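Student: This is the content of input.cif (mmCIF, C-alpha atoms):
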data_protein
#
loop_
_atom_site.group_PDB
_atom_site.id
_atom_site.type_symbol
_atom_site.label_atom_id
_atom_site.label_comp_id
_atom_site.auth_asym_id
_atom_site.auth_seq_id
_atom_site.Cartn_x
_atom_site.Cartn_y
_atom_site.Cartn_z
ATOM 1 C CA MET A 23 30.438 55.133 -30.548
ATOM 2 C CA ARG A 24 29.353 57.480 -33.307
ATOM 3 C CA VAL A 25 25.670 58.413 -33.422
ATOM 4 C CA GLY A 26 25.370 56.824 -36.870
ATOM 5 C CA GLN A 27 26.304 53.471 -35.313
ATOM 6 C CA LEU A 28 23.644 53.595 -32.615
ATOM 7 C CA PRO A 29 20.385 51.602 -32.813
ATOM 8 C CA ILE A 30 17.764 53.412 -34.873
ATOM 9 C CA ASP A 31 15.596 54.316 -31.866
ATOM 10 C CA GLU A 32 18.550 56.096 -30.279
ATOM 11 C CA GLN A 33 19.378 57.800 -33.574
ATOM 12 C CA LEU A 34 15.794 59.076 -33.750
ATOM 13 C CA GLU A 35 16.085 60.426 -30.216
ATOM 14 C CA ARG A 36 19.325 62.245 -31.082
ATOM 15 C CA PHE A 37 17.760 63.488 -34.340
ATOM 16 C CA ARG A 38 14.807 65.031 -32.523
ATOM 17 C CA ALA A 39 17.112 66.574 -29.921
ATOM 18 C CA ALA A 40 19.308 68.124 -32.613
ATOM 19 C CA LEU A 41 16.343 69.585 -34.481
ATOM 20 C CA LYS A 42 14.812 70.975 -31.297
ATOM 21 C CA SER A 43 18.007 72.958 -30.711
ATOM 22 C CA ASN A 44 17.114 75.008 -33.820
ATOM 23 C CA ARG A 45 14.513 77.461 -32.551
ATOM 24 C CA THR A 46 13.554 78.676 -36.016
ATOM 25 C CA LEU A 47 12.929 75.097 -37.137
ATOM 26 C CA THR A 48 10.648 74.298 -34.203
ATOM 27 C CA GLU A 49 8.770 77.559 -34.734
ATOM 28 C CA VAL A 50 8.283 76.764 -38.430
ATOM 29 C CA LEU A 51 6.941 73.325 -37.491
ATOM 30 C CA ALA A 52 4.505 74.798 -34.989
ATOM 31 C CA ARG A 53 3.237 77.445 -37.400
ATOM 32 C CA ALA A 54 3.057 75.013 -40.333
ATOM 33 C CA ALA A 55 0.755 72.790 -38.302
ATOM 34 C CA THR A 56 -1.790 75.628 -38.154
ATOM 35 C CA MET A 57 -2.085 75.912 -41.954
ATOM 36 C CA GLY A 58 -3.952 72.642 -42.503
ATOM 37 C CA LEU A 59 -1.969 71.727 -45.607
ATOM 38 C CA PRO A 60 -2.492 68.185 -46.938
ATOM 39 C CA GLY A 61 0.470 65.847 -46.712
ATOM 40 C CA TRP A 62 2.836 68.511 -45.427
ATOM 41 C CA TYR A 63 6.396 68.029 -44.216
ATOM 42 C CA LEU A 64 9.201 70.333 -43.270
ATOM 43 C CA ALA A 65 11.827 68.812 -45.521
ATOM 44 C CA ALA A 66 15.425 68.508 -46.656
ATOM 45 C CA GLY A 67 18.084 71.141 -45.996
ATOM 46 C CA CYS A 68 16.962 72.657 -42.719
ATOM 47 C CA LEU A 69 16.825 69.164 -41.211
ATOM 48 C CA TYR A 70 20.139 67.600 -42.172
ATOM 49 C CA GLN A 71 21.981 70.912 -41.982
ATOM 50 C CA THR A 72 20.813 71.414 -38.402
ATOM 51 C CA VAL A 73 22.243 67.993 -37.555
ATOM 52 C CA TRP A 74 25.504 68.827 -39.359
ATOM 53 C CA ASN A 75 25.748 71.987 -37.269
ATOM 54 C CA VAL A 76 25.208 70.114 -34.026
ATOM 55 C CA VAL A 77 27.688 67.386 -34.950
ATOM 56 C CA SER A 78 30.339 69.868 -36.098
ATOM 57 C CA GLY A 79 29.924 72.259 -33.174
ATOM 58 C CA GLN A 80 28.384 75.153 -35.101
ATOM 59 C CA PRO A 81 25.310 77.145 -34.023
ATOM 60 C CA PRO A 82 22.193 75.114 -34.936
ATOM 61 C CA GLU A 83 20.979 77.609 -37.567
ATOM 62 C CA ALA A 84 24.348 78.323 -39.229
ATOM 63 C CA GLY A 85 24.361 78.160 -43.032
ATOM 64 C CA ILE A 86 20.658 77.356 -43.365
ATOM 65 C CA LEU A 87 19.384 79.609 -46.132
ATOM 66 C CA ASP A 88 15.688 78.734 -45.909
ATOM 67 C CA TYR A 89 13.146 76.242 -44.605
ATOM 68 C CA ASP A 90 11.363 74.041 -47.146
ATOM 69 C CA LEU A 91 7.696 73.303 -46.495
ATOM 70 C CA ALA A 92 6.363 70.683 -48.884
ATOM 71 C CA TYR A 93 2.723 69.670 -49.215
ATOM 72 C CA PHE A 94 0.630 67.669 -51.680
ATOM 73 C CA ASP A 95 -2.668 68.860 -53.130
ATOM 74 C CA GLY A 96 -3.652 67.197 -56.382
ATOM 75 C CA SER A 97 -7.144 68.674 -56.373
ATOM 76 C CA ASP A 98 -6.066 71.928 -58.038
ATOM 77 C CA LEU A 99 -2.821 72.069 -60.031
ATOM 78 C CA SER A 100 -3.147 75.732 -60.960
ATOM 79 C CA TRP A 101 -0.451 78.223 -60.048
ATOM 80 C CA ASP A 102 -3.151 80.422 -58.517
ATOM 81 C CA ALA A 103 -4.003 77.735 -55.964
ATOM 82 C CA GLU A 104 -0.368 77.228 -54.991
ATOM 83 C CA ASP A 105 0.268 80.956 -54.896
ATOM 84 C CA ALA A 106 -2.661 81.417 -52.518
ATOM 85 C CA VAL A 107 -0.946 78.993 -50.124
ATOM 86 C CA ILE A 108 2.378 80.789 -50.568
ATOM 87 C CA GLN A 109 0.749 84.142 -49.797
ATOM 88 C CA ALA A 110 -0.914 82.686 -46.709
ATOM 89 C CA GLY A 111 2.435 81.303 -45.676
ATOM 90 C CA GLN A 112 4.072 84.719 -45.897
ATOM 91 C CA LYS A 113 1.687 85.895 -43.195
ATOM 92 C CA THR A 114 1.996 82.707 -41.146
ATOM 93 C CA PHE A 115 5.802 82.784 -41.119
ATOM 94 C CA ALA A 116 6.297 86.537 -40.873
ATOM 95 C CA GLY A 117 9.049 87.671 -38.547
ATOM 96 C CA LEU A 118 11.235 84.590 -38.767
ATOM 97 C CA PRO A 119 14.982 85.063 -39.413
ATOM 98 C CA ALA A 120 14.930 82.938 -42.603
ATOM 99 C CA PRO A 121 12.339 82.516 -45.379
ATOM 100 C CA VAL A 122 10.013 79.524 -45.624
ATOM 101 C CA GLN A 123 9.735 78.157 -49.166
ATOM 102 C CA ILE A 124 6.353 76.501 -49.749
ATOM 103 C CA ARG A 125 5.801 74.172 -52.707
ATOM 104 C CA ASN A 126 2.955 71.907 -53.774
ATOM 105 C CA GLN A 127 4.662 68.649 -54.731
ATOM 106 C CA ALA A 128 1.690 67.703 -56.930
ATOM 107 C CA ARG A 129 2.773 70.526 -59.300
ATOM 108 C CA VAL A 130 6.512 69.826 -59.498
ATOM 109 C CA HIS A 131 6.268 67.994 -62.823
ATOM 110 C CA LEU A 132 4.803 71.126 -64.418
ATOM 111 C CA TRP A 133 7.967 73.216 -63.975
ATOM 112 C CA TYR A 134 10.817 70.825 -63.145
ATOM 113 C CA GLU A 135 12.112 70.231 -66.674
ATOM 114 C CA GLN A 136 12.240 73.923 -67.509
ATOM 115 C CA LYS A 137 14.266 74.617 -64.364
ATOM 116 C CA PHE A 138 16.541 71.562 -64.221
ATOM 117 C CA GLY A 139 16.622 70.232 -67.787
ATOM 118 C CA VAL A 140 15.160 66.779 -67.153
ATOM 119 C CA PRO A 141 11.511 65.671 -67.147
ATOM 120 C CA CYS A 142 9.853 64.793 -63.854
ATOM 121 C CA PRO A 143 7.003 62.284 -63.717
ATOM 122 C CA PRO A 144 4.087 63.452 -61.555
ATOM 123 C CA HIS A 145 4.619 62.692 -57.890
ATOM 124 C CA GLU A 146 1.974 60.676 -56.067
ATOM 125 C CA SER A 147 2.651 62.076 -52.596
ATOM 126 C CA THR A 148 4.975 64.334 -50.664
ATOM 127 C CA GLU A 149 6.924 61.264 -49.584
ATOM 128 C CA ALA A 150 7.401 60.259 -53.230
ATOM 129 C CA ALA A 151 8.729 63.735 -53.965
ATOM 130 C CA ILE A 152 11.163 63.567 -51.044
ATOM 131 C CA ASP A 153 12.408 60.252 -52.446
ATOM 132 C CA THR A 154 13.714 62.106 -55.532
ATOM 133 C CA PHE A 155 15.871 64.718 -53.783
ATOM 134 C CA GLU A 156 19.411 64.995 -55.129
ATOM 135 C CA ALA A 157 21.119 63.208 -52.205
ATOM 136 C CA THR A 158 19.849 60.321 -50.113
ATOM 137 C CA THR A 159 21.064 62.331 -47.131
ATOM 138 C CA ALA A 160 18.530 64.992 -48.122
ATOM 139 C CA CYS A 161 15.568 62.603 -48.249
ATOM 140 C CA LEU A 162 14.080 63.677 -44.944
ATOM 141 C CA GLY A 163 10.791 65.085 -43.742
ATOM 142 C CA VAL A 164 9.259 65.985 -40.379
ATOM 143 C CA HIS A 165 5.547 66.481 -39.759
ATOM 144 C CA LEU A 166 4.016 67.704 -36.503
ATOM 145 C CA LEU A 167 0.951 65.698 -35.534
ATOM 146 C CA PRO A 168 -1.981 67.251 -33.592
ATOM 147 C CA SER A 169 -0.826 65.297 -30.543
ATOM 148 C CA GLY A 170 2.500 67.129 -30.670
ATOM 149 C CA ARG A 171 4.362 63.984 -31.720
ATOM 150 C CA TRP A 172 6.724 64.190 -34.668
ATOM 151 C CA ARG A 173 6.286 61.958 -37.696
ATOM 152 C CA ILE A 174 9.723 61.486 -39.254
ATOM 153 C CA TYR A 175 10.154 60.314 -42.844
ATOM 154 C CA ALA A 176 13.682 59.025 -43.496
ATOM 155 C CA PRO A 177 13.654 56.334 -46.214
ATOM 156 C CA HIS A 178 17.465 56.051 -46.192
ATOM 157 C CA GLY A 179 17.865 56.196 -42.434
ATOM 158 C CA LEU A 180 19.858 58.705 -40.413
ATOM 159 C CA ALA A 181 23.351 57.209 -40.226
ATOM 160 C CA ASP A 182 24.732 59.240 -43.144
ATOM 161 C CA VAL A 183 23.269 62.433 -41.707
ATOM 162 C CA PHE A 184 25.053 61.957 -38.383
ATOM 163 C CA ASN A 185 28.230 60.672 -40.044
ATOM 164 C CA LEU A 186 28.411 63.780 -42.303
ATOM 165 C CA VAL A 187 28.225 61.624 -45.429
ATOM 166 C CA VAL A 188 26.517 62.999 -48.543
ATOM 167 C CA ARG A 189 25.420 60.215 -50.864
ATOM 168 C CA PRO A 190 24.034 60.952 -54.353
ATOM 169 C CA ASN A 191 20.496 59.936 -55.261
ATOM 170 C CA PRO A 192 20.498 59.760 -59.089
ATOM 171 C CA VAL A 193 16.808 58.962 -59.592
ATOM 172 C CA LEU A 194 15.730 62.390 -60.890
ATOM 173 C CA ALA A 195 17.899 65.408 -60.114
ATOM 174 C CA PRO A 196 20.780 65.804 -62.607
ATOM 175 C CA ARG A 197 24.457 65.684 -61.710
ATOM 176 C CA HIS A 198 24.945 69.464 -61.901
ATOM 177 C CA VAL A 199 22.337 70.036 -59.177
ATOM 178 C CA TYR A 200 24.157 67.629 -56.856
ATOM 179 C CA GLN A 201 27.544 69.141 -57.630
ATOM 180 C CA ALA A 202 26.397 72.742 -57.150
ATOM 181 C CA LYS A 203 24.791 71.996 -53.806
ATOM 182 C CA THR A 204 27.640 69.896 -52.468
ATOM 183 C CA THR A 205 30.144 72.604 -53.439
ATOM 184 C CA ARG A 206 28.282 75.098 -51.270
ATOM 185 C CA TRP A 207 27.810 72.587 -48.473
ATOM 186 C CA ARG A 208 31.539 71.829 -48.316
ATOM 187 C CA ARG A 209 32.303 75.508 -47.785
ATOM 188 C CA GLN A 210 29.952 75.676 -44.781
ATOM 189 C CA TRP A 211 30.620 72.164 -43.469
ATOM 190 C CA PRO A 212 34.199 71.238 -44.472
ATOM 191 C CA GLY A 213 34.014 67.973 -42.518
ATOM 192 C CA LEU A 214 31.548 66.479 -45.005
ATOM 193 C CA THR A 215 32.408 63.383 -46.990
ATOM 194 C CA VAL A 216 30.803 63.938 -50.399
ATOM 195 C CA LEU A 217 30.506 60.753 -52.429
ATOM 196 C CA PRO A 218 30.833 61.136 -56.216
ATOM 197 C CA TRP A 219 27.959 61.049 -58.636
ATOM 198 C CA PRO A 220 27.908 57.574 -60.213
ATOM 199 C CA GLU A 221 29.074 57.177 -63.775
ATOM 200 C CA ARG A 222 26.290 55.754 -65.894
ATOM 201 C CA PRO A 223 27.230 52.897 -68.210
ATOM 202 C CA ALA A 224 27.464 53.824 -71.897
#
Output the file's structure in the form of structure tokens.
Tutor:
Amino acid sequence: MRVGQLPIDEQLERFRAALKSNRTLTEVLARAATMGLPGWYLAAGCLYQTVWNVVSGQPPEAGILDYDLAYFDGSDLSWDAEDAVIQAGQKTFAGLPAPVQIRNQARVHLWYEQKFGVPCPPHESTEAAIDTFEATTACLGVHLLPSGRWRIYAPHGLADVFNLVVRPNPVLAPRHVYQAKTTRWRRQWPGLTVLPWPERPA
């Protein structure tokens, strides 16, 4: 039986085991927990790509360009406040083999349209921001609690992740973002099934 067909509790167990095989990922989680960032999650690519590597027999860290650390602080939307966190993060994550990209999800609406060409309503939480990622397969977050337990946010479940299925999530990100990312992903993980971007009715 494929992992994506297992009961969700068993999928979660396999998910945690896959992620723990990526030593950089577990180190980023441990260091992120020391920063005290509100609403933080390690999110998106480093999570599902680690699983893809495990499922496809590649080294756990293969093809992972960076590690995305998302947090939510609506108390100060200035670039200076976010940059202070980014600078602190450079010290916290120094020495790792891949960069850690830190972004305040409360500020995304301030720059999203200029970068991607479509307006972004203000997010209300990190989870709400994760919900808008370009593929449902990418809508993932992991947070390390003080007890050492992992909080896993996976609004679309884990079956697609384990089954190497990439499903578009056309709620915010435009088609070209999805297509550019899936083109790169297919080169690294040729076993992926990439579902097409839906055609919108005229």
Student: With all atoms listed in the file as the counted atoms, please give the residues lying no more than 10 Å from Glu146 (chain A), apart from itself and same-chain residues fewer than 6 positions off, as a VMD selection string.
Tutor: chain A and resid 94 to 96 127 to 128
Student: For CA of Thr114 (chain A) and CA of Ala39 (chain A), quote the distance in Å rounded to one decimal.
Tutor: 24.8 Å
Student: When the PyMOL selection byres ((chain A and resi 147) around 12) is applied to the structure above, which residues does it catch, written out as a compact mmCIF listing (two decimals) with C-alpha atoms, in the frame of the given file?
Tutor:
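That gives us out_22.txt:
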# COMPACT_ATOMS: atom_id res chain seq x y z
CA PRO A 60 -2.49 68.18 -46.94
CA GLY A 61 0.47 65.85 -46.71
CA TRP A 62 2.84 68.51 -45.43
CA TYR A 63 6.40 68.03 -44.22
CA ALA A 92 6.36 70.68 -48.88
CA TYR A 93 2.72 69.67 -49.22
CA PHE A 94 0.63 67.67 -51.68
CA ASP A 95 -2.67 68.86 -53.13
CA GLY A 96 -3.65 67.20 -56.38
CA ASN A 126 2.96 71.91 -53.77
CA GLN A 127 4.66 68.65 -54.73
CA ALA A 128 1.69 67.70 -56.93
CA ARG A 129 2.77 70.53 -59.30
CA VAL A 130 6.51 69.83 -59.50
CA PRO A 143 7.00 62.28 -63.72
CA PRO A 144 4.09 63.45 -61.56
CA HIS A 145 4.62 62.69 -57.89
CA GLU A 146 1.97 60.68 -56.07
CA THR A 148 4.97 64.33 -50.66
CA GLU A 149 6.92 61.26 -49.58
CA ALA A 150 7.40 60.26 -53.23
CA ALA A 151 8.73 63.74 -53.96
CA ILE A 152 11.16 63.57 -51.04
CA ASP A 153 12.41 60.25 -52.45
CA THR A 154 13.71 62.11 -55.53
Student: Once the PyMOL selection byres ((chain A and resi 138) around 10) has been applied to the shown file, what residues remain in the selection, as an MDAnalysis selection string?
Tutor: chainID A and resid 133:137 139:142 194:196 198:199
Student: For CA of Val187 (chain A) and CA of Arg125 (chain A), quote the distance in Å rounded to one decimal.
Tutor: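 Value for the CA of Val187 (chain A)-CA of Arg125 (chain A) distance: 26.7 Å.
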Student: Any chance you could work out the axis-aligned box around region 56-72 of chain A, listed atoms only, 8 Å on each side, giving centre and edge lengths in Å to one decimal, as AutoDock Vina command-line options?
Tutor:
--center_x 9.0 --center_y 70.9 --center_z -42.5 --size_x 41.9 --size_y 26.1 --size_z 24.8
Student: Skipping near chain neighbours, those fewer than 2 positions away, what residues fall within 9 Å of Ile86 (chain A) using all atoms listed in the file, listed as number ranges by chain?
Tutor: A: 67-68, 71-72, 82-84, 88-89, 120
Student: Skipping near chain neighbours, those fewer than 5 positions away, what residues fall within 9 Å of Val216 (chain A) using all atoms listed in the file, listed as number ranges by chain?
Tutor: A: 186-190, 204, 208
Student: Could you check which of A:Gly85, A:Gly179, A:Pro168, A:Gly117 is closest to Arg206 (chain A), using all atoms listed in the file?
Tutor: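 For Arg206 (chain A), the nearest of the given residues is A:Gly85.
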Student: Quick one: residues within 9 Å of Phe37 (chain A), only C-alpha atoms, excluding same-chain residues fewer than 5 positions away - as a list in words?
Tutor: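 Everything that qualifies: Glu32, Lys42, Leu69, Val73, Leu180 and Phe184 of chain A.
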Student: How many Å lie between CA of Pro177 (chain A) and CA of Ala40 (chain A), rounded to one decimal?
Tutor: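 So the answer is 18.9 Å.
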Student: Which is closer to Gln123 (chain A) than all the others in A:Ala66, A:Val164, A:Thr205, A:Ser100, using only C-alpha atoms?
Tutor: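 Among A:Ala66, A:Val164, A:Thr205, A:Ser100, it is A:Ala66 that comes nearest to Gln123 (chain A).
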Student: Using only C-alpha atoms, pick whichever of A:Ala202, A:Val183, A:Ala116, A:Leu34 has the shortest atom-to-atom distance to Thr215 (chain A).
Tutor: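 So, comparing all the options, the nearest one is A:Val183.
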Student: Counting all atoms listed in the file, figure out which residue out of A:Leu99, A:Thr48, A:Ile30, A:Pro119 gets nearest to Leu132 (chain A).
Tutor: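 Among the listed residues, the smallest separation from Leu132 (chain A) belongs to A:Leu99.
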Student: My list of candidates is A:Leu166, A:Ala181, A:Ala103, A:Leu87. Which is closest to Gln210 (chain A) when distances are computed with only C-alpha atoms?
Tutor: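 Residue with the minimum atom-to-atom distance to Gln210 (chain A): A:Leu87.
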